[in-house]
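File shown: data-v5.csv. Contents: CSV, C-alpha atoms and all ligand atoms.
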chain,number,residue,atom,x,y,z
A,12,MET,CA,89.2,11.5,62.1
A,13,THR,CA,88.8,12.9,65.6
A,14,HIS,CA,89.9,16.5,66.4
A,15,GLN,CA,93.0,14.9,68.0
A,16,GLU,CA,93.9,13.0,64.8
A,17,HIS,CA,93.4,16.0,62.6
A,18,ARG,CA,95.8,17.9,64.8
A,19,THR,CA,98.6,15.4,64.1
A,20,LYS,CA,97.7,13.7,60.8
A,21,GLY,CA,95.7,16.2,58.9
A,22,GLY,CA,97.0,18.2,55.9
A,23,PHE,CA,99.4,21.1,56.4
A,24,GLU,CA,96.8,23.8,56.8
A,25,THR,CA,94.7,21.7,59.1
A,26,ARG,CA,97.7,21.1,61.4
A,27,ALA,CA,98.6,24.7,61.2
A,28,ILE,CA,95.2,25.7,62.5
A,29,HIS,CA,94.6,22.9,65.0
A,30,ALA,CA,97.8,21.4,66.2
A,31,GLY,CA,99.0,22.2,69.7
A,32,TYR,CA,95.8,23.2,71.3
A,33,GLU,CA,92.4,21.7,72.2
A,34,PRO,CA,89.6,24.2,72.8
A,35,ASP,CA,89.8,24.9,76.5
A,36,ALA,CA,87.7,22.6,78.7
A,37,ALA,CA,86.5,25.3,81.1
A,38,THR,CA,85.4,28.0,78.6
A,39,GLY,CA,85.6,26.4,75.1
A,40,SER,CA,88.0,29.1,74.1
A,41,VAL,CA,89.1,28.2,70.5
A,42,ILE,CA,92.4,30.1,70.8
A,43,PRO,CA,94.8,29.6,73.7
A,44,PRO,CA,94.7,32.4,76.2
A,45,ILE,CA,97.9,34.4,76.8
A,46,TYR,CA,98.9,32.7,80.1
A,47,ALA,CA,100.6,35.7,81.6
A,48,THR,CA,101.7,33.9,84.7
A,49,SER,CA,105.1,33.1,86.1
A,50,THR,CA,103.9,30.4,88.5
A,51,TYR,CA,101.0,27.9,89.1
A,52,LYS,CA,99.0,26.9,92.2
A,53,GLN,CA,99.9,23.4,93.4
A,54,ASP,CA,97.2,21.2,94.9
A,55,GLY,CA,99.4,20.1,97.8
A,56,VAL,CA,103.1,20.0,97.5
A,57,GLY,CA,104.0,18.7,94.0
A,58,GLY,CA,100.4,18.5,93.0
A,59,LEU,CA,100.7,20.1,89.5
A,60,ARG,CA,97.4,20.5,87.6
A,61,GLY,CA,98.6,20.6,84.1
A,62,GLY,CA,102.3,19.7,84.6
A,63,TYR,CA,103.2,23.4,84.9
A,64,GLU,CA,105.2,24.7,87.9
A,65,TYR,CA,107.1,27.7,86.7
A,66,SER,CA,106.9,29.5,83.3
A,67,ARG,CA,110.6,29.2,82.4
A,68,SER,CA,110.1,25.4,82.5
A,69,GLY,CA,106.7,25.5,80.8
A,70,ASN,CA,103.8,27.8,80.0
A,71,PRO,CA,100.5,26.7,78.3
A,72,THR,CA,100.6,29.4,75.6
A,73,ARG,CA,104.2,28.4,74.7
A,74,SER,CA,103.2,24.7,74.8
A,75,ALA,CA,100.5,25.4,72.2
A,76,LEU,CA,103.1,27.0,69.9
A,77,GLU,CA,105.6,24.2,70.6
A,78,GLY,CA,103.1,21.5,69.7
A,79,ASN,CA,102.0,23.4,66.6
A,80,ILE,CA,105.4,23.9,65.1
A,81,ALA,CA,106.4,20.3,65.9
A,82,ALA,CA,103.4,19.1,63.9
A,83,LEU,CA,104.2,21.3,61.0
A,84,GLU,CA,107.8,20.2,60.8
A,85,GLU,CA,106.7,16.5,61.3
A,86,GLY,CA,108.8,16.2,64.3
A,87,GLU,CA,108.1,14.8,67.8
A,88,ARG,CA,108.9,17.8,69.9
A,89,GLY,CA,109.1,21.6,69.5
A,90,PHE,CA,110.7,24.2,71.6
A,91,ALA,CA,110.1,28.0,71.4
A,92,PHE,CA,112.7,30.6,72.2
A,93,ALA,CA,113.0,34.3,72.7
A,94,SER,CA,114.9,34.7,69.3
A,95,GLY,CA,116.4,32.6,66.6
A,96,LEU,CA,119.8,33.1,68.1
A,97,ALA,CA,118.6,32.0,71.5
A,98,ALA,CA,117.4,28.8,69.8
A,99,GLU,CA,120.8,28.4,68.1
A,100,ASP,CA,122.7,28.9,71.3
A,101,THR,CA,120.6,26.3,73.1
A,102,VAL,CA,121.2,23.8,70.3
A,103,ILE,CA,124.9,24.3,70.3
A,104,ARG,CA,125.2,23.9,74.1
A,105,ALA,CA,122.8,21.0,74.3
A,106,LEU,CA,124.4,19.0,71.5
A,107,CYS,CA,128.1,19.9,71.6
A,108,ARG,CA,130.9,19.8,74.2
A,109,PRO,CA,134.0,22.0,74.4
A,110,GLY,CA,136.6,20.4,72.0
A,111,ASP,CA,133.9,19.4,69.4
A,112,HIS,CA,134.0,20.6,65.8
A,113,ALA,CA,131.1,22.0,63.7
A,114,LEU,CA,130.8,22.8,60.0
A,115,LEU,CA,129.1,26.0,59.1
A,116,PRO,CA,127.9,27.2,55.7
A,117,ASP,CA,130.4,29.6,54.2
A,118,ASP,CA,127.4,32.0,53.6
A,119,ALA,CA,125.7,31.5,57.0
A,120,TYR,CA,123.4,34.1,58.5
A,121,GLY,CA,125.7,36.8,60.0
A,122,GLY,CA,124.3,36.4,63.5
A,123,THR,CA,124.9,32.6,63.3
A,124,PHE,CA,128.5,33.1,62.1
A,125,ARG,CA,129.1,35.6,65.0
A,126,LEU,CA,127.6,33.2,67.5
A,127,PHE,CA,130.0,30.4,66.4
A,128,ASP,CA,133.0,32.6,65.8
A,129,LYS,CA,132.8,35.0,68.8
A,130,VAL,CA,130.9,33.0,71.5
A,131,ALA,CA,131.0,29.3,70.9
A,132,THR,CA,134.7,29.5,70.0
A,133,GLU,CA,135.5,31.0,73.4
A,134,TRP,CA,133.6,28.1,74.9
A,135,GLY,CA,135.9,25.6,73.0
A,136,LEU,CA,133.8,24.7,70.0
A,137,HIS,CA,135.9,24.7,66.7
A,138,HIS,CA,134.3,25.4,63.4
A,139,ASP,CA,135.1,25.5,59.7
A,140,PRO,CA,133.2,26.9,56.8
A,141,ALA,CA,131.9,24.6,54.1
A,142,PRO,CA,129.5,25.6,51.3
A,143,ALA,CA,126.5,23.4,51.8
A,144,SER,CA,125.8,23.5,48.1
A,145,ASP,CA,129.0,21.6,47.4
A,146,LEU,CA,128.8,18.1,48.8
A,147,ASP,CA,132.5,17.3,48.0
A,148,ALA,CA,133.6,20.4,50.0
A,149,VAL,CA,131.4,19.2,52.9
A,150,ARG,CA,132.9,15.7,52.7
A,151,ALA,CA,136.4,17.2,52.6
A,152,ALA,CA,135.9,19.5,55.6
A,153,ILE,CA,134.0,17.0,57.9
A,154,ARG,CA,136.2,15.3,60.6
A,155,PRO,CA,134.8,11.8,61.3
A,156,GLY,CA,134.4,11.3,65.1
A,157,GLU,CA,135.2,15.0,65.8
A,158,THR,CA,132.6,16.9,63.9
A,159,ARG,CA,129.5,17.0,66.0
A,160,LEU,CA,127.3,19.3,63.9
A,161,VAL,CA,126.8,20.0,60.2
A,162,TRP,CA,124.9,23.2,60.2
A,163,VAL,CA,123.0,24.1,57.0
A,164,GLU,CA,120.8,26.9,55.7
A,165,THR,CA,118.9,26.3,52.5
A,166,PRO,CA,118.1,28.5,50.7
A,167,THR,CA,120.9,30.8,51.9
A,168,ASN,CA,120.8,34.5,52.4
A,169,PRO,CA,121.1,36.6,50.2
A,170,LEU,CA,122.3,34.5,47.2
A,171,LEU,CA,119.8,31.6,47.7
A,172,ASN,CA,122.2,28.8,47.4
A,173,ILE,CA,120.7,25.3,47.9
A,174,GLY,CA,122.0,22.4,50.0
A,175,ASP,CA,120.8,18.9,49.3
A,176,ILE,CA,119.4,18.0,52.7
A,177,GLU,CA,119.1,14.2,52.1
A,178,ALA,CA,122.7,13.9,50.8
A,179,LEU,CA,124.0,16.2,53.7
A,180,ALA,CA,122.2,14.0,56.2
A,181,THR,CA,123.9,10.9,54.8
A,182,ILE,CA,127.4,12.6,54.9
A,183,ALA,CA,126.8,13.9,58.4
A,184,HIS,CA,125.6,10.6,59.8
A,185,GLU,CA,128.4,8.6,58.1
A,186,ALA,CA,130.9,10.8,60.0
A,187,GLY,CA,128.9,10.5,63.3
A,188,ALA,CA,127.6,14.1,63.2
A,189,LEU,CA,124.1,15.5,63.4
A,190,LEU,CA,122.6,17.6,60.7
A,191,VAL,CA,121.0,20.9,61.8
A,192,VAL,CA,118.9,22.7,59.2
A,193,ASP,CA,118.0,26.4,59.6
A,194,ASN,CA,114.6,26.3,57.9
A,195,THR,CA,113.8,30.0,58.4
A,196,PHE,CA,113.7,30.8,54.6
A,197,ALA,CA,111.8,27.8,53.3
A,198,THR,CA,109.4,27.2,56.3
A,199,PRO,CA,107.8,23.8,56.8
A,200,TYR,CA,105.2,24.7,54.2
A,201,LEU,CA,107.9,24.5,51.5
A,202,GLN,CA,110.3,21.9,53.0
A,203,THR,CA,110.4,19.6,55.9
A,204,PRO,CA,114.1,18.7,56.7
A,205,LEU,CA,113.3,16.1,59.4
A,206,THR,CA,111.5,14.0,56.7
A,207,LEU,CA,114.7,14.2,54.6
A,208,GLY,CA,117.0,12.9,57.4
A,209,ALA,CA,117.9,16.1,59.3
A,210,ASP,CA,118.2,15.7,63.1
A,211,VAL,CA,117.4,19.2,64.2
A,212,VAL,CA,115.3,21.9,62.5
A,213,LEU,CA,115.7,25.5,63.6
A,214,HIS,CA,113.8,28.7,62.9
A,215,SER,CA,113.9,32.4,63.4
A,216,THR,CA,110.2,32.6,63.9
A,217,THR,CA,110.7,36.4,63.6
A,218,LYS,CA,110.5,35.9,59.8
A,219,TYR,CA,107.9,33.8,57.9
A,220,ALA,CA,106.6,31.8,60.9
A,221,GLY,CA,105.5,35.0,62.8
A,222,GLY,CA,105.0,36.6,59.4
A,223,HIS,CA,103.8,40.1,60.4
A,224,SER,CA,107.1,41.8,61.5
A,225,ASP,CA,105.7,42.2,65.0
A,226,VAL,CA,107.7,39.7,67.1
A,227,VAL,CA,111.2,38.3,67.6
A,228,GLY,CA,111.3,34.5,68.3
A,229,GLY,CA,113.0,31.2,67.6
A,230,ALA,CA,112.1,27.6,67.5
A,231,VAL,CA,113.7,24.1,67.4
A,232,VAL,CA,112.1,20.8,66.4
A,233,VAL,CA,113.5,17.3,66.7
A,234,LYS,CA,112.1,13.9,66.1
A,235,ASP,CA,114.5,11.9,68.3
A,236,LEU,CA,113.4,11.8,71.9
A,237,ASP,CA,116.9,11.6,73.4
A,238,LEU,CA,117.8,14.8,71.5
A,239,ALA,CA,114.5,16.3,72.7
A,240,GLU,CA,115.5,15.6,76.3
A,241,GLN,CA,118.8,17.4,75.9
A,242,ILE,CA,117.2,20.4,74.2
A,243,ALA,CA,114.5,20.5,76.9
A,244,PHE,CA,117.0,20.4,79.7
A,245,HIS,CA,119.1,23.2,78.1
A,246,GLN,CA,116.0,25.3,77.2
A,247,ASN,CA,115.1,25.3,80.9
A,248,ALA,CA,118.7,25.6,82.2
A,249,MET,CA,119.7,28.4,79.9
A,250,GLY,CA,116.3,30.1,80.0
A,251,GLY,CA,116.1,31.8,76.6
A,252,VAL,CA,112.4,30.9,76.3
A,253,ALA,CA,109.6,32.6,74.3
A,254,GLY,CA,107.3,34.6,76.5
A,255,PRO,CA,103.5,34.0,76.5
A,256,PHE,CA,102.5,37.0,74.3
A,257,ASP,CA,105.3,36.3,71.8
A,258,SER,CA,104.3,32.7,71.7
A,259,TRP,CA,100.7,33.7,71.0
A,260,LEU,CA,101.7,36.0,68.2
A,261,VAL,CA,103.9,33.3,66.5
A,262,LEU,CA,101.1,30.7,66.9
A,263,ARG,CA,98.6,33.1,65.3
A,264,GLY,CA,101.1,33.7,62.4
A,265,LEU,CA,101.6,30.0,61.8
A,266,LYS,CA,97.8,29.4,61.3
A,267,THR,CA,98.1,31.3,58.0
A,268,LEU,CA,101.6,30.2,57.0
A,269,GLY,CA,100.3,28.1,54.0
A,270,VAL,CA,98.2,30.8,52.4
A,271,ARG,CA,100.8,33.4,53.0
A,272,MET,CA,103.6,31.3,51.6
A,273,ASP,CA,101.6,30.6,48.5
A,274,ARG,CA,101.1,34.3,47.9
A,275,HIS,CA,104.7,35.1,48.7
A,276,CYS,CA,105.7,32.5,46.1
A,277,ASP,CA,103.2,33.7,43.5
A,278,ASN,CA,104.4,37.3,43.9
A,279,ALA,CA,108.1,36.4,43.9
A,280,GLU,CA,107.7,34.4,40.7
A,281,LYS,CA,106.1,37.4,39.0
A,282,VAL,CA,108.8,39.7,40.3
A,283,VAL,CA,111.5,37.3,39.0
A,284,GLU,CA,109.8,37.3,35.6
A,285,PHE,CA,109.7,41.1,35.5
A,286,LEU,CA,113.3,41.5,36.7
A,287,THR,CA,114.6,38.8,34.3
A,288,GLY,CA,113.6,40.9,31.3
A,289,HIS,CA,114.6,44.3,32.7
A,290,GLU,CA,117.4,46.2,31.0
A,291,ALA,CA,118.7,47.7,34.4
A,292,VAL,CA,119.1,44.2,35.9
A,293,SER,CA,122.2,42.1,35.2
A,294,ARG,CA,121.4,38.9,37.1
A,295,VAL,CA,118.5,37.4,39.1
A,296,TYR,CA,119.0,34.9,41.9
A,297,TYR,CA,116.0,32.7,42.6
A,298,PRO,CA,116.1,28.9,43.0
A,299,GLY,CA,113.0,28.6,40.9
A,300,LEU,CA,115.0,29.7,37.8
A,301,PRO,CA,116.1,26.7,35.8
A,302,GLU,CA,119.6,28.3,35.4
A,303,HIS,CA,120.0,28.6,39.2
A,304,PRO,CA,122.8,26.2,40.2
A,305,GLY,CA,120.6,24.7,42.9
A,306,HIS,CA,117.4,24.5,40.9
A,307,ASP,CA,117.3,20.7,40.5
A,308,VAL,CA,117.9,20.0,44.2
A,309,ALA,CA,115.4,22.8,45.2
A,310,ALA,CA,112.8,21.2,42.9
A,311,LYS,CA,113.4,17.8,44.6
A,312,GLN,CA,113.1,19.0,48.2
A,313,MET,CA,111.0,22.1,48.1
A,314,LYS,CA,107.3,22.5,47.2
A,315,ARG,CA,107.9,26.0,45.8
A,316,TYR,CA,110.8,28.4,45.8
A,317,GLY,CA,110.0,31.0,48.4
A,318,GLY,CA,109.6,34.7,48.7
A,319,ILE,CA,113.2,36.0,48.6
A,320,VAL,CA,114.6,37.3,45.4
A,321,SER,CA,118.0,38.9,44.9
A,322,PHE,CA,119.4,40.7,41.8
A,323,THR,CA,122.3,42.7,40.6
A,324,VAL,CA,121.9,45.9,38.7
A,325,THR,CA,123.8,47.1,35.6
A,326,GLY,CA,124.9,50.4,37.1
A,327,GLY,CA,127.1,49.2,39.9
A,328,GLU,CA,127.0,49.7,43.7
A,329,GLN,CA,125.6,53.3,43.6
A,330,HIS,CA,122.8,52.2,41.3
A,331,ALA,CA,121.9,49.4,43.7
A,332,VAL,CA,121.9,51.8,46.7
A,333,ASP,CA,119.8,54.3,44.7
A,334,VAL,CA,117.2,51.6,43.7
A,335,CYS,CA,116.9,50.7,47.4
A,336,GLY,CA,116.2,54.3,48.3
A,337,ARG,CA,113.6,54.9,45.6
A,338,THR,CA,110.9,52.3,46.2
A,339,GLU,CA,107.7,53.3,47.9
A,340,VAL,CA,105.8,50.1,48.3
A,341,PHE,CA,108.9,48.0,49.1
A,342,THR,CA,110.0,49.4,52.5
A,343,LEU,CA,113.8,49.9,52.9
A,344,GLY,CA,114.7,47.8,55.9
A,345,GLU,CA,116.5,44.7,57.3
A,346,SER,CA,114.7,41.4,58.2
A,347,LEU,CA,112.3,39.5,55.9
A,348,GLY,CA,109.3,37.2,55.8
A,349,GLY,CA,106.6,39.6,56.8
A,350,VAL,CA,103.5,40.4,54.8
A,351,GLU,CA,105.0,43.7,53.7
A,352,SER,CA,107.6,43.8,50.9
A,353,LEU,CA,111.1,44.9,52.0
A,354,ILE,CA,114.1,45.9,50.0
A,355,GLU,CA,117.7,46.2,51.2
A,356,HIS,CA,121.3,46.5,50.0
A,357,PRO,CA,123.1,43.5,51.6
A,358,GLY,CA,126.6,45.0,51.1
A,359,ARG,CA,125.9,48.0,53.2
A,360,MET,CA,123.1,46.6,55.5
A,361,THR,CA,122.6,43.0,56.5
A,362,HIS,CA,126.0,41.8,55.2
A,363,ALA,CA,128.1,45.0,56.0
A,364,SER,CA,130.0,43.1,58.8
A,365,VAL,CA,131.3,40.4,56.4
A,366,SER,CA,132.8,42.8,53.9
A,367,GLY,CA,136.4,41.8,53.1
A,368,THR,CA,135.8,38.2,54.2
A,369,ALA,CA,134.8,35.1,52.2
A,370,LEU,CA,131.2,35.9,53.0
A,371,GLU,CA,131.3,39.2,51.1
A,372,VAL,CA,128.3,39.7,48.7
A,373,PRO,CA,128.4,41.5,45.4
A,374,ALA,CA,128.3,45.3,45.9
A,375,ASP,CA,125.7,45.8,43.2
A,376,LEU,CA,123.3,43.3,44.8
A,377,VAL,CA,119.7,44.1,46.0
A,378,ARG,CA,117.7,41.7,48.1
A,379,LEU,CA,113.9,41.7,48.1
A,380,SER,CA,111.6,40.1,50.6
A,381,VAL,CA,108.6,39.9,48.4
A,382,GLY,CA,105.4,40.5,50.4
A,383,ILE,CA,101.8,39.7,49.7
A,384,GLU,CA,100.6,43.1,48.4
A,385,THR,CA,98.8,43.5,45.1
A,386,ILE,CA,101.4,42.3,42.5
A,387,ASP,CA,100.8,45.2,40.1
A,388,ASP,CA,101.7,47.7,42.8
A,389,LEU,CA,104.9,45.8,43.5
A,390,LEU,CA,105.9,45.6,39.8
A,391,GLY,CA,105.1,49.3,39.3
A,392,ASP,CA,107.2,50.2,42.3
A,393,LEU,CA,110.2,48.3,41.0
A,394,ASP,CA,109.8,49.6,37.5
A,395,ARG,CA,109.9,53.2,38.8
A,396,ALA,CA,112.8,52.5,41.1
A,397,LEU,CA,114.9,50.9,38.4
A,398,ALA,CA,114.2,53.6,35.8
A,401,LIG,C1,117.0,36.2,61.3
A,401,LIG,C2,117.7,34.9,61.2
A,401,LIG,C3,118.3,34.2,62.2
A,401,LIG,C4,118.4,34.8,63.6
A,401,LIG,O1,117.1,34.9,64.2
A,401,LIG,P1,116.7,36.1,65.3
A,401,LIG,O2,115.3,35.8,65.5
A,401,LIG,O3,117.0,37.4,64.6
A,401,LIG,O4,117.5,35.9,66.5
A,401,LIG,C5,118.8,33.0,62.0
A,401,LIG,N1,118.8,32.4,60.8
A,401,LIG,C6,118.3,33.0,59.7
A,401,LIG,C7,118.3,32.3,58.4
A,401,LIG,C8,117.7,34.3,59.9
A,401,LIG,O5,117.1,34.8,58.8

Can I see the file as structure tokens?
Amino acid sequence: MTHQEHRTKGGFETRAIHAGYEPDAATGSVIPPIYATSTYKQDGVGGLRGGYEYSRSGNPTRSALEGNIAALEEGERGFAFASGLAAEDTVIRALCRPGDHALLPDDAYGGTFRLFDKVATEWGLHHDPAPASDLDAVRAAIRPGETRLVWVETPTNPLLNIGDIEALATIAHEAGALLVVDNTFATPYLQTPLTLGADVVLHSTTKYAGGHSDVVGGAVVVKDLDLAEQIAFHQNAMGGVAGPFDSWLVLRGLKTLGVRMDRHCDNAEKVVEFLTGHEAVSRVYYPGLPEHPGHDVAAKQMKRYGGIVSFTVTGGEQHAVDVCGRTEVFTLGESLGGVESLIEHPGRMTHASVSGTALEVPADLVRLSVGIETIDDLLGDLDRALA
């Protein structure tokens, strides 16, 4: 295979390292430079050298990232945004019109719910909740001809519910809707929704894609070229693009996504094993556990089960809060998907705003983003915090 072919047809890790960029013709630079430029010299009016005229419309560092993530998701085109929510807003405006209807997971990421409920609603988009793990509920809530988007996260946050992407794509398409999958938690290393029938894949690259808790970003990948045109138009018209330095950071993160995800999964599995036998733990939520309600679907569509683990403690809410305050290797903080382990209390932190609603999470729940540190240090830390 030529370098060009490896970039698009090689294995996951080969694509992660090579897709989106050819070593620069002028210097041989193996890594794309951070093209910190807003504009490009034209050779005569309209004479664009690389197709670039203004960096909102296109920037070579961003193009490298966009080509890379498209190759990893096995799509045709990728788009990089300033945040996951900027990506979501662009998808909504590009693919819906006022008066349309959307189905949202009943346990959607809080920022996604707020975007639909407080912003898109004002613009005229109606939405209803439907648990993506319950296909009958999705069938019942979908409005043929009116529902434009079926929006799914799998696994969900923080209870790690699983939606069957292939079945959801069929349900959406039969009703004339598009299936959008937020693939932030699984990443393309563990699951590729476009190959299972999804129309749009979306990421907060802030999480596993960037992977080092040093950048906020978002991405969209599609395989249909008409959808790509609509997203491209709105990306430029709305302008929520990823800057060149942020694009470079996410691209660097993606190169190691496969090895990082394997270690996240290895460590998460050992954490699950440890918690499952622990007397201070009442329930462990992880799609890799055979008793998890989404286990069979997860086994079918995911390569492994990811790095997020949630659990409830036997001592109630205060116990959960205390555990979160006592770890030393697990850092107490929001967000997830970085190399460092994080711990949080969803009820008072990431999910505080949904308390009292259908999205409310158990008060005695703790969520871990299991990082890639030495496993014995992680287990020792949890053991001390739970004691
Ligand atoms: C963080 C997150 C988002 C939002 O992304 P930002 O980069 O914070 O704007 C969307 N979906 C999921 C699943 C997330 O975890």

Show me, as a tab-separated table, the residues of chain A having an atom within 9 Å of ligand LIG 401 (chain A), each with the closest atom pair and its distance in Å, using only C-alpha atoms and all ligand atoms.
residue	atom	partner	partner_atom	distance
A:Phe92	CA	A:LIG401	O2	8.9
A:Ala93	CA	A:LIG401	O2	7.7
A:Ser94	CA	A:LIG401	O2	4.0
A:Gly95	CA	A:LIG401	O1	3.4
A:Leu96	CA	A:LIG401	O4	4.0
A:Ala97	CA	A:LIG401	O4	6.4
A:Ala98	CA	A:LIG401	O4	7.8
A:Glu99	CA	A:LIG401	C5	7.9
A:Ala119	CA	A:LIG401	C7	7.6
A:Tyr120	CA	A:LIG401	C6	5.4
A:Gly121	CA	A:LIG401	C5	8.1
A:Gly122	CA	A:LIG401	C4	6.1
A:Thr123	CA	A:LIG401	C5	6.2
A:Glu164	CA	A:LIG401	C7	6.5
A:Thr165	CA	A:LIG401	C7	8.4
A:Pro166	CA	A:LIG401	C7	8.6
A:Thr167	CA	A:LIG401	C7	7.2
A:Asn168	CA	A:LIG401	C7	6.9
A:Asp193	CA	A:LIG401	C7	6.0
A:Asn194	CA	A:LIG401	C7	7.1
A:Thr195	CA	A:LIG401	C7	5.1
A:Phe196	CA	A:LIG401	C7	6.2
A:Leu213	CA	A:LIG401	N1	8.1
A:His214	CA	A:LIG401	N1	6.6
A:Ser215	CA	A:LIG401	O1	4.1
A:Thr216	CA	A:LIG401	O2	6.2
A:Thr217	CA	A:LIG401	O2	5.0
A:Lys218	CA	A:LIG401	C1	6.7
A:Val226	CA	A:LIG401	O2	8.7
A:Val227	CA	A:LIG401	O2	5.2
A:Gly228	CA	A:LIG401	O2	5.1
A:Gly229	CA	A:LIG401	O2	5.6
A:Ser346	CA	A:LIG401	C1	6.5
A:Leu347	CA	A:LIG401	O5	7.3
A:Gly348	CA	A:LIG401	O5	8.7

- [ ] Mind giving me the straight-line distance from CA of Asp111 in chain A to CA of Gly208 in chain A in Å, one decimal?
- [x] 21.7 Å

TODO: Would you mind telling me which residue in A:Gly21, A:Gly174, A:Pro155, A:Gly58 lies nearest to Pro304 in chain A when using all atoms listed in the file?
DONE: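 Checking each candidate against Pro304 in chain A, we get A:Gly174 as the closest.
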
Wanna dump the range 55-115 of chain A-range 243-257 of chain A contacts at 7 Å for me, each residue with its shortest atom pair and the distance in Å to one decimal, counting all atoms listed in the file, ordered by chain and number, as JSON lines?
{"residue": "A:Arg67", "atom": "CA", "partner": "A:Asn247", "partner_atom": "CA", "distance": 6.1}
{"residue": "A:Ser68", "atom": "CA", "partner": "A:Asn247", "partner_atom": "CA", "distance": 5.3}
{"residue": "A:Thr72", "atom": "CA", "partner": "A:Pro255", "partner_atom": "CA", "distance": 5.5}
{"residue": "A:Arg73", "atom": "CA", "partner": "A:Pro255", "partner_atom": "CA", "distance": 5.9}
{"residue": "A:Ala91", "atom": "CA", "partner": "A:Ala253", "partner_atom": "CA", "distance": 5.5}
{"residue": "A:Phe92", "atom": "CA", "partner": "A:Val252", "partner_atom": "CA", "distance": 4.1}
{"residue": "A:Ala93", "atom": "CA", "partner": "A:Ala253", "partner_atom": "CA", "distance": 4.1}
{"residue": "A:Ala97", "atom": "CA", "partner": "A:Gly251", "partner_atom": "CA", "distance": 5.7}
{"residue": "A:Thr101", "atom": "CA", "partner": "A:His245", "partner_atom": "CA", "distance": 6.1}
{"residue": "A:Ala105", "atom": "CA", "partner": "A:His245", "partner_atom": "CA", "distance": 5.7}

Task: Coordinates-based distance that separates CA of Asn70 in chain A from CA of Val191 in chain A (Å, one decimal) - done: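 Calculated distance between CA of Val191 in chain A and CA of Asn70 in chain A is 26.0 Å.
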
Open item on the list: Between CA of Thr368 in chain A and CA of Ala197 in chain A, what is the distance in Å, rounded to a tenth?
Closed with: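 Here the two named atoms are 26.2 Å from each other.
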
- [ ] Might you pull out every residue within 10 Å of Asp387 in chain A, with all atoms listed in the file counted and same-chain residues fewer than 5 positions away left off, and present them as number ranges by chain?
- [x] A: 278, 281-282, 392-393

Task: Given only C-alpha atoms as the counted atoms, nearest of A:Gln312, A:Ser321, A:Thr132, A:Ser380 to Arg294 in chain A - done: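 So, comparing all the options, the nearest one is A:Ser321.
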
Open item on the list: Please list as a ChimeraX atom specification every residue within 9 Å of range 285-287 of chain A, counting all atoms listed in the file and excluding residues in the same chain fewer than 4 positions away.
Closed with: /A:280-281,291-295,322,390,393-394

TODO: For Leu114 in chain A, list every protein, DNA or RNA residue within 10 Å, evaluated using only C-alpha atoms, and leave out those in the same chain fewer than 4 positions away; present the list as a PyMOL selection string.
DONE: chain A and resi 127+137-143+149+152-154+158-163+183+188+190

- [ ] Compile the contact shell of Ile383 in chain A as a PyMOL selection string: residues with an atom at most 7 Å away, counting all atoms listed in the file, same-chain residues fewer than 4 positions apart removed.
- [x] chain A and resi 274-275+278+350-351

As an mmCIF file with C-alpha atoms, keeping the file's coordinate frame, please: the residues near Val332 in chain A (cut-off 8 Å, all atoms listed in the file, same-chain neighbours under 3 positions excluded).
data_model
loop_
_atom_site.group_PDB
_atom_site.id
_atom_site.type_symbol
_atom_site.label_atom_id
_atom_site.label_comp_id
_atom_site.auth_asym_id
_atom_site.auth_seq_id
_atom_site.Cartn_x
_atom_site.Cartn_y
_atom_site.Cartn_z
ATOM 1 C CA GLU A 328 127.000 49.700 43.700
ATOM 2 C CA GLN A 329 125.600 53.300 43.600
ATOM 3 C CA CYS A 335 116.900 50.700 47.400
ATOM 4 C CA GLY A 336 116.200 54.300 48.300
ATOM 5 C CA HIS A 356 121.300 46.500 50.000
ATOM 6 C CA ASP A 375 125.700 45.800 43.200
#
